[in-house]
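J.: Please find run_14.cif (mmCIF, C-alpha atoms) on the next line:
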```
data_start
loop_
_atom_site.label_atom_id
_atom_site.label_comp_id
_atom_site.auth_asym_id
_atom_site.auth_seq_id
_atom_site.Cartn_x
_atom_site.Cartn_y
_atom_site.Cartn_z
CA MET A 109 45.90 -30.77 -46.60
CA VAL A 110 43.46 -32.40 -44.23
CA PHE A 111 42.92 -30.97 -40.76
CA ALA A 112 40.22 -33.30 -39.52
CA GLY A 113 39.26 -32.79 -35.92
CA LEU A 114 40.91 -29.39 -35.55
CA SER A 115 39.09 -26.46 -34.07
CA ALA A 116 38.45 -23.26 -36.03
CA GLY A 117 41.30 -21.65 -34.10
CA ALA A 118 43.68 -24.41 -35.09
CA ARG A 119 42.59 -24.19 -38.72
CA SER A 120 43.32 -20.47 -38.76
CA ALA A 121 46.82 -21.23 -37.49
CA ALA A 122 47.31 -23.49 -40.53
CA ARG A 123 48.50 -20.51 -42.54
CA ARG A 124 51.46 -20.04 -40.23
CA LYS A 125 54.30 -21.37 -42.36
CA VAL A 126 57.19 -23.29 -40.87
CA LEU A 127 60.30 -24.91 -42.33
CA ILE A 128 62.08 -27.97 -40.96
CA SER A 129 65.64 -28.65 -42.11
CA GLY A 130 66.29 -32.38 -42.03
CA ALA A 131 64.17 -35.43 -42.87
CA GLY A 132 65.84 -38.05 -40.69
CA ILE A 133 63.94 -38.90 -37.50
CA ALA A 134 63.40 -35.65 -35.61
CA GLY A 135 62.34 -33.76 -38.76
CA PRO A 136 59.43 -35.95 -39.90
CA ALA A 137 58.35 -36.48 -36.29
CA LEU A 138 58.21 -32.72 -35.77
CA ALA A 139 56.43 -32.30 -39.12
CA PHE A 140 53.75 -34.77 -38.04
CA TRP A 141 52.93 -32.91 -34.85
CA LEU A 142 53.17 -29.40 -36.29
CA ASN A 143 50.82 -30.45 -39.07
CA ARG A 144 48.48 -31.90 -36.44
CA TYR A 145 48.44 -28.51 -34.72
CA GLY A 146 47.53 -26.79 -37.97
CA TYR A 147 50.81 -25.39 -39.31
CA ALA A 148 51.69 -25.34 -43.01
CA VAL A 149 54.88 -27.42 -42.92
CA THR A 150 57.75 -27.68 -45.39
CA VAL A 151 60.62 -30.12 -44.85
CA VAL A 152 63.90 -29.67 -46.74
CA GLU A 153 66.39 -32.53 -46.98
CA LYS A 154 69.77 -32.62 -48.67
CA ALA A 155 69.43 -36.30 -49.63
CA GLY A 156 67.59 -37.09 -52.83
CA THR A 157 65.09 -39.47 -51.22
CA PRO A 158 64.08 -40.64 -47.75
CA ARG A 159 67.04 -42.51 -46.33
CA SER A 160 66.66 -46.27 -46.03
CA GLY A 161 68.80 -48.86 -44.29
CA GLY A 162 71.10 -47.81 -41.50
CA TYR A 163 72.08 -49.28 -38.17
CA PRO A 164 69.31 -50.46 -35.81
CA VAL A 165 68.12 -47.85 -33.31
CA ASP A 166 66.30 -48.08 -29.99
CA VAL A 167 62.91 -46.64 -29.07
CA ARG A 168 62.45 -46.80 -25.31
CA GLY A 169 60.55 -45.38 -22.40
CA THR A 170 58.79 -42.08 -23.05
CA ALA A 171 59.53 -42.30 -26.78
CA LEU A 172 57.28 -45.37 -27.03
CA GLU A 173 54.33 -43.23 -26.01
CA VAL A 174 55.27 -40.70 -28.72
CA VAL A 175 55.19 -43.35 -31.46
CA ARG A 176 51.93 -44.72 -30.05
CA ARG A 177 50.35 -41.26 -30.28
CA THR A 178 51.79 -40.85 -33.76
CA GLY A 179 49.96 -44.02 -34.81
CA ILE A 180 53.01 -45.96 -36.01
CA LEU A 181 53.54 -48.28 -33.05
CA PRO A 182 51.94 -51.36 -34.73
CA ARG A 183 54.17 -50.91 -37.77
CA LEU A 184 57.26 -50.60 -35.58
CA ARG A 185 56.26 -53.70 -33.60
CA ASP A 186 56.20 -55.58 -36.91
CA ALA A 187 59.65 -54.18 -37.78
CA HIS A 188 61.16 -55.01 -34.37
CA VAL A 189 64.62 -56.51 -34.84
CA ASP A 190 64.34 -58.93 -31.90
CA SER A 191 68.02 -59.48 -31.17
CA ARG A 192 68.31 -62.54 -28.97
CA ARG A 193 71.91 -62.63 -27.82
CA ILE A 194 75.05 -60.57 -27.40
CA THR A 195 78.28 -62.51 -27.09
CA PHE A 196 81.49 -60.98 -25.77
CA LEU A 197 84.90 -62.25 -26.85
CA ASP A 198 88.40 -61.58 -25.55
CA GLY A 199 91.39 -60.54 -27.63
CA ASP A 200 92.06 -64.09 -28.79
CA GLY A 201 88.45 -64.65 -29.78
CA GLY A 202 87.72 -66.68 -26.67
CA HIS A 203 84.27 -66.64 -25.09
CA VAL A 204 83.69 -64.22 -22.19
CA ALA A 205 79.90 -64.16 -21.78
CA SER A 206 76.62 -64.48 -23.69
CA LEU A 207 73.67 -62.45 -22.50
CA SER A 208 70.32 -61.06 -23.48
CA PRO A 209 70.85 -57.69 -25.19
CA HIS A 210 68.15 -56.26 -22.93
CA ALA A 211 70.17 -57.11 -19.83
CA VAL A 212 73.13 -55.17 -21.21
CA ALA A 213 71.27 -52.15 -22.61
CA GLY A 214 68.77 -51.68 -19.79
CA SER A 215 65.80 -52.06 -22.12
CA VAL A 216 62.61 -54.00 -21.40
CA GLU A 217 62.02 -57.20 -23.35
CA GLY A 218 58.62 -57.34 -25.03
CA HIS A 219 58.11 -53.60 -24.58
CA ASP A 220 61.00 -51.45 -25.83
CA LEU A 221 61.75 -51.51 -29.53
CA GLU A 222 64.80 -51.90 -31.73
CA VAL A 223 64.23 -51.21 -35.43
CA ARG A 224 66.30 -50.40 -38.46
CA ARG A 225 66.72 -46.66 -38.66
CA GLY A 226 65.34 -46.69 -42.20
CA ASP A 227 62.18 -48.50 -41.06
CA LEU A 228 61.49 -45.82 -38.47
CA ALA A 229 62.26 -43.00 -40.92
CA ASP A 230 59.97 -44.55 -43.52
CA ALA A 231 57.14 -44.99 -41.02
CA LEU A 232 57.37 -41.33 -40.01
CA HIS A 233 57.61 -40.14 -43.62
CA THR A 234 54.64 -42.26 -44.67
CA ALA A 235 52.57 -40.89 -41.78
CA VAL A 236 53.03 -37.30 -42.94
CA ARG A 237 54.04 -37.26 -46.62
CA ASP A 238 50.52 -36.50 -47.91
CA GLU A 239 50.05 -33.66 -45.43
CA VAL A 240 53.27 -31.62 -45.70
CA GLU A 241 55.64 -30.45 -48.41
CA PHE A 242 58.99 -32.25 -48.81
CA LEU A 243 61.87 -30.69 -50.75
CA PHE A 244 64.48 -33.38 -51.36
CA ASP A 245 67.94 -32.81 -52.84
CA ASP A 246 68.02 -29.30 -51.39
CA SER A 247 69.15 -27.49 -48.24
CA VAL A 248 69.15 -24.14 -46.49
CA ASP A 249 71.89 -21.87 -47.80
CA ALA A 250 71.17 -18.79 -45.66
CA LEU A 251 68.84 -17.54 -42.92
CA ASP A 252 67.87 -13.92 -42.30
CA GLN A 253 65.73 -12.91 -39.29
CA SER A 254 65.94 -9.16 -39.78
CA GLY A 255 62.27 -8.89 -40.80
CA HIS A 256 59.03 -10.19 -39.30
CA GLY A 257 59.78 -13.79 -40.22
CA VAL A 258 62.71 -15.92 -41.34
CA ASP A 259 63.87 -15.34 -44.89
CA VAL A 260 65.38 -18.58 -46.20
CA THR A 261 67.58 -18.93 -49.26
CA PHE A 262 67.81 -22.46 -50.65
CA ARG A 263 70.87 -24.09 -52.17
CA ARG A 264 69.04 -24.94 -55.40
CA GLY A 265 67.88 -21.37 -55.76
CA GLY A 266 64.96 -19.25 -54.69
CA SER A 267 63.94 -17.90 -51.32
CA ARG A 268 60.86 -18.03 -49.11
CA THR A 269 59.73 -16.54 -45.81
CA PHE A 270 58.56 -18.62 -42.86
CA ASP A 271 57.12 -17.78 -39.47
CA MET A 272 59.50 -20.25 -37.80
CA VAL A 273 62.39 -22.49 -38.85
CA PHE A 274 63.50 -25.68 -37.09
CA GLY A 275 66.91 -27.31 -37.35
CA ALA A 276 66.57 -31.09 -37.28
CA ASP A 277 69.74 -31.58 -39.30
CA GLY A 278 71.77 -33.77 -37.02
CA LEU A 279 74.99 -33.75 -35.01
CA HIS A 280 76.82 -31.58 -37.55
CA SER A 281 73.89 -29.16 -37.98
CA ARG A 282 74.31 -26.26 -40.38
CA THR A 283 71.27 -24.59 -38.84
CA ARG A 284 73.07 -24.56 -35.49
CA GLU A 285 76.15 -23.10 -37.16
CA PHE A 286 74.07 -20.35 -38.78
CA LEU A 287 72.62 -19.39 -35.41
CA PHE A 288 75.30 -20.03 -32.83
CA GLY A 289 78.62 -20.39 -34.64
CA PRO A 290 81.10 -23.27 -35.02
CA GLU A 291 80.28 -26.74 -33.76
CA GLU A 292 83.40 -26.78 -31.56
CA ARG A 293 81.65 -24.47 -29.07
CA PHE A 294 79.10 -27.16 -28.23
CA HIS A 295 80.90 -30.38 -29.17
CA ARG A 296 81.83 -32.65 -26.23
CA TYR A 297 84.26 -35.33 -27.35
CA LEU A 298 83.82 -38.62 -25.44
CA GLY A 299 87.14 -40.25 -26.28
CA TYR A 300 86.46 -42.67 -29.13
CA CYS A 301 86.51 -42.85 -32.92
CA PHE A 302 84.18 -45.30 -34.66
CA ALA A 303 83.31 -46.72 -38.06
CA VAL A 304 80.21 -48.60 -39.22
CA PHE A 305 79.59 -50.38 -42.53
CA THR A 306 77.98 -53.54 -43.90
CA LEU A 307 79.42 -56.72 -45.37
CA ARG A 308 78.24 -60.16 -46.34
CA ASN A 309 77.13 -62.43 -43.52
CA THR A 310 79.62 -65.25 -43.92
CA PHE A 311 79.78 -65.76 -40.14
CA GLY A 312 76.61 -67.79 -39.57
CA LEU A 313 75.15 -65.08 -37.31
CA SER A 314 71.40 -64.61 -36.81
CA HIS A 315 69.49 -62.21 -34.53
CA GLU A 316 72.63 -61.52 -32.51
CA VAL A 317 75.63 -59.34 -31.80
CA THR A 318 79.19 -60.55 -31.33
CA MET A 319 81.67 -58.12 -29.77
CA TRP A 320 85.46 -58.48 -29.52
CA ASN A 321 87.46 -56.29 -27.15
CA THR A 322 91.01 -55.50 -26.20
CA PRO A 323 91.89 -52.48 -24.05
CA GLY A 324 90.84 -49.37 -25.94
CA ARG A 325 89.55 -51.27 -28.99
CA ALA A 326 86.29 -52.94 -29.97
CA ALA A 327 84.94 -54.73 -33.03
CA ALA A 328 81.42 -56.04 -33.43
CA LEU A 329 79.23 -57.86 -35.91
CA TYR A 330 75.51 -57.24 -35.73
CA ALA A 331 73.17 -59.63 -37.54
CA VAL A 332 69.73 -58.06 -37.98
CA GLY A 333 67.45 -61.05 -38.30
CA ASP A 334 68.54 -63.58 -40.93
CA SER A 335 69.80 -60.99 -43.38
CA ASP A 336 72.47 -61.84 -45.92
CA ASP A 337 74.43 -58.83 -44.62
CA VAL A 338 75.75 -57.88 -41.20
CA HIS A 339 76.57 -54.50 -39.73
CA ALA A 340 80.20 -54.14 -38.74
CA PHE A 341 81.40 -51.77 -36.04
CA LEU A 342 84.94 -50.71 -35.11
CA ALA A 343 85.91 -48.31 -32.33
CA PHE A 344 89.13 -47.26 -30.69
CA ALA A 345 89.95 -44.92 -27.82
CA ARG A 346 91.85 -41.73 -28.53
CA PRO A 347 92.47 -39.05 -25.86
CA GLU A 348 92.14 -36.18 -28.33
CA PRO A 349 89.82 -35.96 -31.36
CA PRO A 350 91.59 -36.60 -34.68
CA PHE A 351 90.14 -33.65 -36.60
CA GLY A 352 93.44 -31.77 -36.66
CA THR A 353 95.46 -34.70 -38.00
CA ALA A 354 96.33 -34.99 -41.65
CA ALA A 355 95.17 -38.63 -41.66
CA PHE A 356 91.58 -37.64 -40.90
CA ARG A 357 91.22 -35.10 -43.69
CA THR A 358 90.68 -37.58 -46.53
CA ALA A 359 88.63 -40.75 -46.92
CA ALA A 360 91.76 -42.75 -47.62
CA GLY A 361 93.42 -41.29 -44.55
CA GLN A 362 90.46 -42.16 -42.35
CA ARG A 363 90.44 -45.75 -43.56
CA GLY A 364 94.17 -45.94 -43.02
CA LEU A 365 93.82 -44.62 -39.48
CA PHE A 366 91.48 -47.48 -38.58
CA ALA A 367 93.67 -50.03 -40.34
CA ALA A 368 96.69 -48.88 -38.34
CA GLN A 369 94.80 -49.01 -35.03
CA PHE A 370 93.74 -52.64 -35.63
CA ALA A 371 96.86 -53.86 -37.43
CA ASP A 372 97.71 -56.55 -34.85
CA ALA A 373 94.14 -57.54 -33.95
CA GLY A 374 92.92 -61.11 -33.97
CA TRP A 375 89.51 -62.80 -34.35
CA GLU A 376 87.71 -61.61 -37.53
CA VAL A 377 89.20 -58.12 -37.39
CA PRO A 378 91.67 -58.48 -40.30
CA GLY A 379 88.75 -59.36 -42.57
CA LEU A 380 86.76 -56.42 -41.24
CA ILE A 381 89.60 -54.04 -42.06
CA THR A 382 89.69 -55.42 -45.60
CA ALA A 383 85.93 -54.93 -45.89
CA LEU A 384 86.20 -51.42 -44.45
CA ARG A 385 88.62 -50.39 -47.20
CA ASP A 386 86.09 -51.43 -49.88
CA ALA A 387 82.81 -50.51 -48.15
CA ASP A 388 80.56 -48.16 -50.12
CA ASP A 389 78.39 -47.30 -47.08
CA LEU A 390 81.20 -46.54 -44.65
CA PHE A 391 80.43 -43.95 -41.97
CA LEU A 392 83.22 -42.70 -39.68
CA ASP A 393 83.03 -40.15 -36.90
CA VAL A 394 83.99 -39.49 -33.30
CA VAL A 395 81.81 -40.37 -30.32
CA SER A 396 80.51 -37.09 -29.00
CA GLN A 397 77.64 -35.08 -27.59
CA ILE A 398 76.18 -31.67 -28.28
CA ARG A 399 75.66 -29.60 -25.12
CA MET A 400 74.08 -26.17 -25.52
CA PRO A 401 72.93 -23.56 -22.99
CA ARG A 402 69.90 -22.79 -25.17
CA TRP A 403 68.25 -24.38 -28.19
CA SER A 404 66.73 -21.38 -29.95
CA GLN A 405 67.45 -17.92 -31.20
CA GLY A 406 64.73 -15.61 -32.47
CA ARG A 407 62.31 -17.57 -34.61
CA VAL A 408 64.63 -20.57 -35.11
CA ALA A 409 64.88 -23.59 -32.80
CA LEU A 410 66.87 -26.83 -32.80
CA VAL A 411 65.65 -30.35 -32.08
CA GLY A 412 67.16 -33.82 -31.84
CA ASP A 413 70.89 -34.31 -32.40
CA ALA A 414 71.25 -30.75 -33.68
CA ALA A 415 70.42 -29.51 -30.16
CA TYR A 416 71.35 -32.35 -27.81
CA ALA A 417 72.99 -35.37 -29.45
CA PRO A 418 73.62 -37.78 -26.54
CA SER A 419 75.95 -40.19 -28.47
CA PHE A 420 75.30 -43.85 -29.22
CA LEU A 421 76.88 -44.73 -25.85
CA THR A 422 73.51 -43.85 -24.31
CA GLY A 423 71.36 -45.63 -26.90
CA GLN A 424 68.96 -42.69 -26.51
CA GLY A 425 69.57 -40.51 -29.57
CA THR A 426 66.47 -41.66 -31.43
CA SER A 427 64.27 -41.56 -28.34
CA LEU A 428 65.39 -38.01 -27.52
CA ALA A 429 64.67 -36.97 -31.11
CA LEU A 430 61.13 -38.35 -30.95
CA VAL A 431 60.36 -36.91 -27.53
CA GLY A 432 61.96 -33.57 -28.37
CA ALA A 433 59.92 -33.24 -31.57
CA TYR A 434 56.69 -33.95 -29.72
CA MET A 435 57.52 -31.49 -26.94
CA LEU A 436 58.62 -28.74 -29.33
CA ALA A 437 55.51 -28.96 -31.49
CA GLY A 438 53.16 -29.04 -28.51
CA SER A 439 54.97 -26.16 -26.81
CA VAL A 440 54.67 -23.78 -29.77
CA ALA A 441 51.06 -24.71 -30.56
CA GLY A 442 48.87 -21.78 -29.58
CA ARG A 443 51.82 -19.61 -28.49
CA ASP A 444 54.11 -17.12 -30.14
CA HIS A 445 57.59 -18.39 -30.95
CA ALA A 446 59.32 -16.85 -27.92
CA ALA A 447 56.90 -18.29 -25.38
CA GLY A 448 56.76 -21.63 -27.21
CA PHE A 449 60.52 -22.08 -27.38
CA ALA A 450 60.87 -21.16 -23.71
CA ALA A 451 58.22 -23.72 -22.77
CA TYR A 452 59.96 -26.37 -24.89
CA GLU A 453 63.26 -25.89 -23.08
CA HIS A 454 61.69 -25.67 -19.64
CA ALA A 455 59.74 -28.91 -20.09
CA THR A 456 62.38 -30.95 -21.92
CA ARG A 457 65.88 -29.99 -20.76
CA GLU A 458 65.96 -32.04 -17.54
CA PHE A 459 64.96 -35.18 -19.44
CA VAL A 460 67.58 -34.50 -22.12
CA THR A 461 70.37 -33.87 -19.61
CA LEU A 462 69.51 -36.95 -17.58
CA ASN A 463 69.78 -39.12 -20.68
CA GLN A 464 72.96 -37.44 -21.92
CA ASP A 465 74.50 -38.22 -18.54
CA GLN A 466 73.94 -41.93 -19.24
CA ALA A 467 77.05 -41.81 -21.45
CA GLY A 468 79.06 -42.71 -18.35
CA VAL A 469 76.76 -45.61 -17.49
CA GLY A 470 75.86 -48.97 -19.01
CA ASP A 471 76.63 -49.04 -22.72
CA ALA A 472 79.69 -46.81 -22.28
CA THR A 473 81.34 -49.50 -20.15
CA LEU A 474 81.36 -51.82 -23.17
CA PHE A 475 84.58 -50.16 -24.37
CA PRO A 476 87.11 -50.21 -21.49
CA THR A 477 90.40 -48.46 -22.19
CA THR A 478 92.71 -50.34 -19.82
CA ALA A 479 93.43 -54.01 -19.17
CA ARG A 480 92.22 -53.70 -15.58
CA ALA A 481 88.96 -52.01 -16.63
CA LEU A 482 88.41 -54.70 -19.25
CA GLU A 483 88.91 -57.45 -16.68
CA GLN A 484 86.44 -55.73 -14.36
CA ARG A 485 83.90 -55.35 -17.16
CA ASN A 486 84.23 -59.01 -18.10
CA ALA A 487 83.72 -60.04 -14.49
CA ARG A 488 80.55 -57.93 -14.32
CA LEU A 489 79.26 -59.48 -17.53
CA ARG A 490 79.79 -62.98 -16.17
CA ARG A 491 77.82 -62.07 -13.05
CA LEU A 492 75.10 -60.17 -14.86
CA ASP A 493 71.66 -61.67 -14.45
CA ALA A 494 70.60 -63.00 -17.85
CA VAL A 495 66.96 -62.25 -17.05
CA PRO A 496 66.14 -58.93 -18.77
CA SER A 497 65.03 -55.96 -16.71
CA ARG A 498 61.30 -55.44 -16.51
CA THR A 499 61.57 -51.77 -15.62
CA GLY A 500 64.41 -50.41 -17.76
CA ARG A 501 66.61 -47.51 -16.78
CA PRO A 502 64.76 -44.72 -14.99
CA ALA A 503 66.23 -42.08 -17.32
CA HIS A 504 64.43 -43.62 -20.32
CA SER A 505 61.00 -42.86 -18.79
CA ALA A 506 61.86 -39.82 -16.67
CA LEU A 507 59.50 -37.53 -18.60
CA THR A 508 55.76 -38.09 -18.35
CA LEU A 509 54.46 -37.11 -21.75
CA PRO A 510 51.88 -34.30 -21.53
CA THR A 511 48.78 -34.09 -23.68
CA PHE A 512 48.76 -30.77 -25.48
CA PRO A 513 45.53 -29.02 -26.51
CA GLY A 514 44.55 -28.98 -30.16
#
```
In structure tokens, what does this structure look like?
T.:
Amino acid sequence: MVFAGLSAGARSAARRKVLISGAGIAGPALAFWLNRYGYAVTVVEKAGTPRSGGYPVDVRGTALEVVRRTGILPRLRDAHVDSRRITFLDGDGGHVASLSPHAVAGSVEGHDLEVRRGDLADALHTAVRDEVEFLFDDSVDALDQSGHGVDVTFRRGGSRTFDMVFGADGLHSRTREFLFGPEERFHRYLGYCFAVFTLRNTFGLSHEVTMWNTPGRAAALYAVGDSDDVHAFLAFARPEPPFGTAAFRTAAGQRGLFAAQFADAGWEVPGLITALRDADDLFLDVVSQIRMPRWSQGRVALVGDAAYAPSFLTGQGTSLALVGAYMLAGSVAGRDHAAGFAAYEHATREFVTLNQDQAGVGDATLFPTTARALEQRNARLRRLDAVPSRTGRPAHSALTLPTFPG
């Protein structure tokens, strides 16, 4: 490892060993900063390789300063998706409005970023892969904090002891379950089920999003650049989560549930349902948040979606992961775990909560559940100023990023 520019005190801290579970966005971001502060970092990831592809994600506000300090901002600027238009359609496929995506999302044109999730993950992995240890195709099987560290047993066998462990393993975090119990205790269902997948771009779309709505249902096609493929999105409102239903317990049942919900839909939806049944990259879930009274226990702390998933209705999941990783690493640097974790929560929670609360604002109104609400939304879209905001939503930049010593 190289620790150029670190003080003697920071170099001595290099022997403090830490484990990060999860190599998505929060995990490699946290690894970068912990390595910078002199920790010996191991990242374990259940996937066999760094994950490529994926839906485009937003990097806004305070998170832009994190990627600048990480040194990957130029690469992300080159990877910027640059969507130019979002078009809304009614139930018959008729035109409602066409707007700049920035005007709808509250982002700042020419400043905020939208990149493929895989491009961001690869940039973070590349920035740190020569400095930390990655264990792919493995996961944490058990945690034991009864000693003076955290004894970790791995799924592929063997065990090791770390000074601290960090759960960056997403919305359905096993690390969180180990520490705090079942997900249901912290899961806040927001009233929708969704599916995303890719299919061939036979629609003539380029650098744009097209969204169809009827009350309680939405379908969208997202063309990232001039790609031969488009991302498809389906969502429907449901008062209660479907986890207890027999239909949601199997892949076939899940696909059938979406097919039934959109059985009478117009526009391109019948073709999307056909593509959904055959998609090999289909991802289905419910729209939800994770709300926790605390993000750590003993020597183990959570970051990103594992601690505070805000849902895609906010567009802030990736930004919170990046900011949270930076704040967590800086807070523990030079402190013991208890003081560091307390500082992390104290400095970060208000920003997290403010952005989670955006789920009732902006993007969430794209999926009205009643005919009246849909009419009102369409009227707002027609009136919406097509000139993008130059300031963005205040929540996106509500945290002034500190500079930590080291």
J.: Ranking A:Gly275, A:Pro350, A:Gly514, A:Gly312 by minimum distance to Arg144 in chain A and counting only C-alpha atoms, which one comes first?
T.: A:Gly514
J.: Which residues fall under the PyMOL selection byres ((chain A and resi 127) around 12) in this file, as a ChimeraX atom specification?
T.: /A:124-126,128-131,135-136,138-139,142-143,147-153,240-243,247-248,251,257-262,267-277,283,407-410
J.: One decimal, in Å: what's the spacing between CA of Glu348 in chain A and CA of Ala368 in chain A?
T.: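 According to the coordinates, CA of Glu348 in chain A and CA of Ala368 in chain A are separated by 16.8 Å.
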J.: Rounded to one decimal, what separation in Å do you get between CA of Asn321 in chain A and CA of Gly199 in chain A?
T.: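 So the two atoms, CA of Asn321 in chain A and CA of Gly199 in chain A, lie 5.8 Å apart.
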J.: Show me, as AutoDock Vina command-line options, the centre and edge lengths in Å to one decimal of the axis-aligned box that covers every listed atom of range 123-141 of chain A with 3 Å on each side.
T.:
```
--center_x 57.4 --center_y -29.5 --center_z -38.9 --size_x 23.8 --size_y 24.9 --size_z 14.0
```
J.: Extract, using all atoms listed in the file, all DNA, RNA and protein residues at most 6 Å from range 339-346 of chain A, discarding same-chain residues fewer than 6 positions from it, and format them as a compact mmCIF listing (two decimals) with C-alpha atoms, keeping the file's coordinate frame.
T.:
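File around-v7.txt, as written:
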```
# COMPACT_ATOMS: atom_id res chain seq x y z
CA GLY A 299 87.14 -40.25 -26.28
CA TYR A 300 86.46 -42.67 -29.13
CA CYS A 301 86.51 -42.85 -32.92
CA PHE A 302 84.18 -45.30 -34.66
CA ALA A 303 83.31 -46.72 -38.06
CA VAL A 304 80.21 -48.60 -39.22
CA PHE A 305 79.59 -50.38 -42.53
CA THR A 306 77.98 -53.54 -43.90
CA GLY A 324 90.84 -49.37 -25.94
CA ARG A 325 89.55 -51.27 -28.99
CA ALA A 326 86.29 -52.94 -29.97
CA ALA A 327 84.94 -54.73 -33.03
CA ALA A 328 81.42 -56.04 -33.43
CA LEU A 329 79.23 -57.86 -35.91
CA TYR A 330 75.51 -57.24 -35.73
```
J.: Restricting the calculation to all atoms listed in the file: of A:Phe294, A:Tyr416, A:Phe140, A:Phe356, which residue gets closest to Gly278 in chain A?
T.: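 Counting all atoms listed in the file, the residue closest to Gly278 in chain A is A:Tyr416.
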J.: Which residue, A:Leu279, A:Thr322, A:Asp386, A:Arg357, has the smallest gap to Phe370 in chain A when you use only C-alpha atoms?
T.: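 Smallest distance to Phe370 in chain A is found for A:Thr322.
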J.: Which residue gives the smallest distance to Gly162 in chain A among A:Ala205, A:Val338, A:Val216, A:Val317, with all atoms listed in the file counted?
T.: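 With all atoms listed in the file as the atom set, the closest residue is A:Val338.
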J.: Please list as a PDB file with C-alpha atoms, in the coordinates of the input every residue within 10 Å of range 163-167 of chain A, counting all atoms listed in the file and excluding residues in the same chain fewer than 5 positions away.
T.:
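The resulting part-v3.pdb:
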```
ATOM      1  CA  LEU A 172      57.280 -45.370 -27.030  1.00  0.00           C
ATOM      2  CA  GLU A 173      54.330 -43.230 -26.010  1.00  0.00           C
ATOM      3  CA  VAL A 174      55.270 -40.700 -28.720  1.00  0.00           C
ATOM      4  CA  VAL A 175      55.190 -43.350 -31.460  1.00  0.00           C
ATOM      5  CA  LEU A 184      57.260 -50.600 -35.580  1.00  0.00           C
ATOM      6  CA  HIS A 188      61.160 -55.010 -34.370  1.00  0.00           C
ATOM      7  CA  VAL A 189      64.620 -56.510 -34.840  1.00  0.00           C
ATOM      8  CA  ALA A 213      71.270 -52.150 -22.610  1.00  0.00           C
ATOM      9  CA  SER A 215      65.800 -52.060 -22.120  1.00  0.00           C
ATOM     10  CA  HIS A 219      58.110 -53.600 -24.580  1.00  0.00           C
ATOM     11  CA  ASP A 220      61.000 -51.450 -25.830  1.00  0.00           C
ATOM     12  CA  LEU A 221      61.750 -51.510 -29.530  1.00  0.00           C
ATOM     13  CA  GLU A 222      64.800 -51.900 -31.730  1.00  0.00           C
ATOM     14  CA  VAL A 223      64.230 -51.210 -35.430  1.00  0.00           C
ATOM     15  CA  ARG A 224      66.300 -50.400 -38.460  1.00  0.00           C
ATOM     16  CA  ARG A 225      66.720 -46.660 -38.660  1.00  0.00           C
ATOM     17  CA  GLY A 226      65.340 -46.690 -42.200  1.00  0.00           C
ATOM     18  CA  ASP A 227      62.180 -48.500 -41.060  1.00  0.00           C
ATOM     19  CA  LEU A 228      61.490 -45.820 -38.470  1.00  0.00           C
ATOM     20  CA  VAL A 304      80.210 -48.600 -39.220  1.00  0.00           C
ATOM     21  CA  PHE A 305      79.590 -50.380 -42.530  1.00  0.00           C
ATOM     22  CA  THR A 306      77.980 -53.540 -43.900  1.00  0.00           C
ATOM     23  CA  TYR A 330      75.510 -57.240 -35.730  1.00  0.00           C
ATOM     24  CA  VAL A 332      69.730 -58.060 -37.980  1.00  0.00           C
ATOM     25  CA  VAL A 338      75.750 -57.880 -41.200  1.00  0.00           C
ATOM     26  CA  HIS A 339      76.570 -54.500 -39.730  1.00  0.00           C
ATOM     27  CA  ALA A 340      80.200 -54.140 -38.740  1.00  0.00           C
ATOM     28  CA  PHE A 341      81.400 -51.770 -36.040  1.00  0.00           C
ATOM     29  CA  PHE A 420      75.300 -43.850 -29.220  1.00  0.00           C
ATOM     30  CA  GLY A 423      71.360 -45.630 -26.900  1.00  0.00           C
ATOM     31  CA  GLN A 424      68.960 -42.690 -26.510  1.00  0.00           C
ATOM     32  CA  GLY A 425      69.570 -40.510 -29.570  1.00  0.00           C
ATOM     33  CA  THR A 426      66.470 -41.660 -31.430  1.00  0.00           C
ATOM     34  CA  SER A 427      64.270 -41.560 -28.340  1.00  0.00           C
ATOM     35  CA  LEU A 428      65.390 -38.010 -27.520  1.00  0.00           C
ATOM     36  CA  LEU A 430      61.130 -38.350 -30.950  1.00  0.00           C
ATOM     37  CA  HIS A 504      64.430 -43.620 -20.320  1.00  0.00           C
TER      38      HIS A 504
END
```
J.: Which residue out of A:Leu298, A:Met319, A:Ala387, A:Val394 has the minimum interatomic distance to Leu474 in chain A when only C-alpha atoms are used?
T.: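 Closest residue, counting only C-alpha atoms: A:Met319.
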J.: Please enumerate the residues selected by the PyMOL selection byres ((chain A and resi 334) around 9) when evaluated against the supplied file, formatted as a PyMOL selection string.
T.: chain A and resi 313-315+331-333+335-337
J.: Limited to C-alpha atoms, could you put the picked residues into a file as a short mmCIF file (atom, residue, chain, number, x, y, z; two decimals), in the coordinates of the input?
T.:
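Saved result, result_1.cif, follows:
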```cif
data_model
loop_
_atom_site.label_atom_id
_atom_site.label_comp_id
_atom_site.auth_asym_id
_atom_site.auth_seq_id
_atom_site.Cartn_x
_atom_site.Cartn_y
_atom_site.Cartn_z
CA LEU A 313 75.15 -65.08 -37.31
CA SER A 314 71.40 -64.61 -36.81
CA HIS A 315 69.49 -62.21 -34.53
CA ALA A 331 73.17 -59.63 -37.54
CA VAL A 332 69.73 -58.06 -37.98
CA GLY A 333 67.45 -61.05 -38.30
CA SER A 335 69.80 -60.99 -43.38
CA ASP A 336 72.47 -61.84 -45.92
CA ASP A 337 74.43 -58.83 -44.62
#
```
